[in-house]
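Reviewing the structure listed below.
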Amino acid sequence: MGPLAHRKFAEWTQGLDTREAMVSIFYHIRDIPYAIVTGPEFRDPERGPEKMLAEGRGSCGPKHYLLAMMYRRLNVDAVYATFPFFWQEQAVRYPPALREDASLLPLAYHLACRVRIGCRWALVDATWDPPLRKAGFPVNLHWDGIADTACAVSPPGSPERPARSRTRAGRQCPGQGNGEIVPQEGERDHWEAEDRVRYHNERTGARTPADIQRTGRFYEKLNEWLGKVREQEYPGGME
């Protein structure tokens with residue numbers, strides 16, 4: 001962790017036991033305003049969290065790189081979980097023009113974390129900040145530090161609701177207590193950040209120049225719209 005992340009870790013966990021610290025870290029990272037910033041520093045697993053904390057905004061990548069760093073600092077095992085999705089299939093109240101732009105985008109790759117809690121691996125997703133709930137984003141408003149959160153995105157072909165883990169607190173652990181990860185459909189888990197970066201780059205590296213251009217324009221418009229949602233300028237239900 002960089003110096004700013006070290007300071008934030010100390011602030012967010014001071015005087016708390018492990019479970020309380022996990023919840024505190026989750027809420028603080030979740031509340032960082034979501035924005036897609038495509039610069040190389042933001043995409044880097046080490047530099048991205050520092051840049052995000054300095055600028056006060058970030059997407060699922062730096063958010064979950066930071067979450068994993070901080071949980072490992074607590075001696076809690078965390079791995080990276082990638083979920084493929086299409087922006088146009090998300091149950092979000094996009095403005096019409098933005099929805100049309102989303103319909104032209106290639107498959108995208110969301111990042112969350114799997115965190116070992118007891119003998120099971122819980123899905124922990126801190127992507128969407130609470131104001132975005134007004135536009136239909138599946139914000140994880142409450143987390144007890146034990147159960148799975150909802151995944152921030154719906155998998156391809158399932159736009160009705162965000163994905164959820166197939167394991168739940170209180171059920172017998174898979175693998176007779178061996179702590180095996182039970183992935184969702186399409187989920188790819190990465191023990192190291194380098195593997196996640198390599199996997200993501202392999203998939204997105206196949207995009208055409210037109211895909212890259214359309215995706216970049218969509219990100220710019222999405223960030224602008226999210227700012228309006230937070231400022232309560234967005235009339236909910238507009239389609």
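Residues in the structure tokens are named by chain (A, B, ... in the order shown) and by number from 1 within that chain; ligands are numbered from 1 in the order shown.
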Could you give me, as JSON lines, every range 71-163 of chain A residue with an atom at most 6 Å from range 181-200 of chain A, plus its closest atom pair and distance in Å to one decimal, counting only C-alpha atoms, rows ordered by chain then number?
```
{"residue": "A:Val79", "atom": "CA", "partner": "A:Trp191", "partner_atom": "CA", "distance": 5.0}
{"residue": "A:Tyr80", "atom": "CA", "partner": "A:His190", "partner_atom": "CA", "distance": 5.0}
{"residue": "A:Ala81", "atom": "CA", "partner": "A:Asp189", "partner_atom": "CA", "distance": 4.4}
{"residue": "A:Thr82", "atom": "CA", "partner": "A:Arg188", "partner_atom": "CA", "distance": 5.1}
{"residue": "A:Phe83", "atom": "CA", "partner": "A:Glu187", "partner_atom": "CA", "distance": 5.0}
{"residue": "A:Trp121", "atom": "CA", "partner": "A:Ile181", "partner_atom": "CA", "distance": 5.7}
```
Deliver the residues from the most recent selection as a file, using C-alpha atoms, as a short mmCIF file (atom, residue, chain, number, x, y, z; two decimals), in the first residue's frame.
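Output file selection_27.cif follows:
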```cif
data_model
loop_
_atom_site.label_atom_id
_atom_site.label_comp_id
_atom_site.auth_asym_id
_atom_site.auth_seq_id
_atom_site.Cartn_x
_atom_site.Cartn_y
_atom_site.Cartn_z
CA VAL A 79 -8.88 -12.83 -4.08
CA TYR A 80 -9.98 -10.92 -7.17
CA ALA A 81 -13.17 -11.96 -8.95
CA THR A 82 -13.88 -10.92 -12.55
CA PHE A 83 -17.42 -10.93 -13.95
CA TRP A 121 -15.54 -17.26 0.45
#
```
Which residues come within 9 Å of Ile29 in chain A, counting only C-alpha atoms, excluding same-chain residues fewer than 5 positions away, as a list in words? Ser24, Lys63, His64, Leu66, Leu67, Ala126, Thr127 and Asp129 of chain A
Give me the range 65-115 of chain A side of the contact with range 205-225 of chain A, cut-off 10 Å, one line per residue showing its nearest atom pair and distance in Å at one decimal, counting only C-alpha atoms, sorted by chain and residue number, as CSV.
```
residue,atom,partner,partner_atom,distance
A:Trp87,CA,A:Phe218,CA,9.8
A:Tyr94,CA,A:Trp225,CA,8.7
A:Pro95,CA,A:Trp225,CA,8.5
A:Ala97,CA,A:Lys221,CA,9.6
A:Leu98,CA,A:Lys221,CA,7.2
A:Arg99,CA,A:Phe218,CA,9.5
A:Glu100,CA,A:Phe218,CA,9.9
A:Asp101,CA,A:Phe218,CA,6.4
A:Ala102,CA,A:Phe218,CA,6.9
A:Leu104,CA,A:Arg214,CA,7.5
A:Leu105,CA,A:Thr215,CA,6.2
A:Pro106,CA,A:Asp211,CA,6.7
A:Leu107,CA,A:Arg207,CA,9.4
A:Ala108,CA,A:Thr215,CA,9.6
```
Check range 90-230 of chain A with DSSP on the backbone and list each residue it calls strand (DSSP E), as a PyMOL selection string. chain A and resi 108-117+120-124+188-190
I want to know what sits within 8 Å of Trp12 in chain A, based on only C-alpha atoms, with residues of the same chain fewer than 3 positions away left out; could you give that as a list in words?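 In the requested format, the answer is Lys8, Phe9, Ala21, Ser24, Ile25 and His28 of chain A.
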Selection to disk with C-alpha atoms, as a JSON list (two decimals), in the first residue's frame:
```json
[["chain", "number", "residue", "atom", "x", "y", "z"],
["A", 8, "LYS", "CA", -6.63, 5.71, 5.39],
["A", 9, "PHE", "CA", -6.22, 2.17, 6.68],
["A", 21, "ALA", "CA", -12.63, -3.11, 10.49],
["A", 24, "SER", "CA", -15.61, 0.01, 7.99],
["A", 25, "ILE", "CA", -13.21, -0.48, 5.07],
["A", 28, "HIS", "CA", -15.44, 3.83, 3.08]]
```
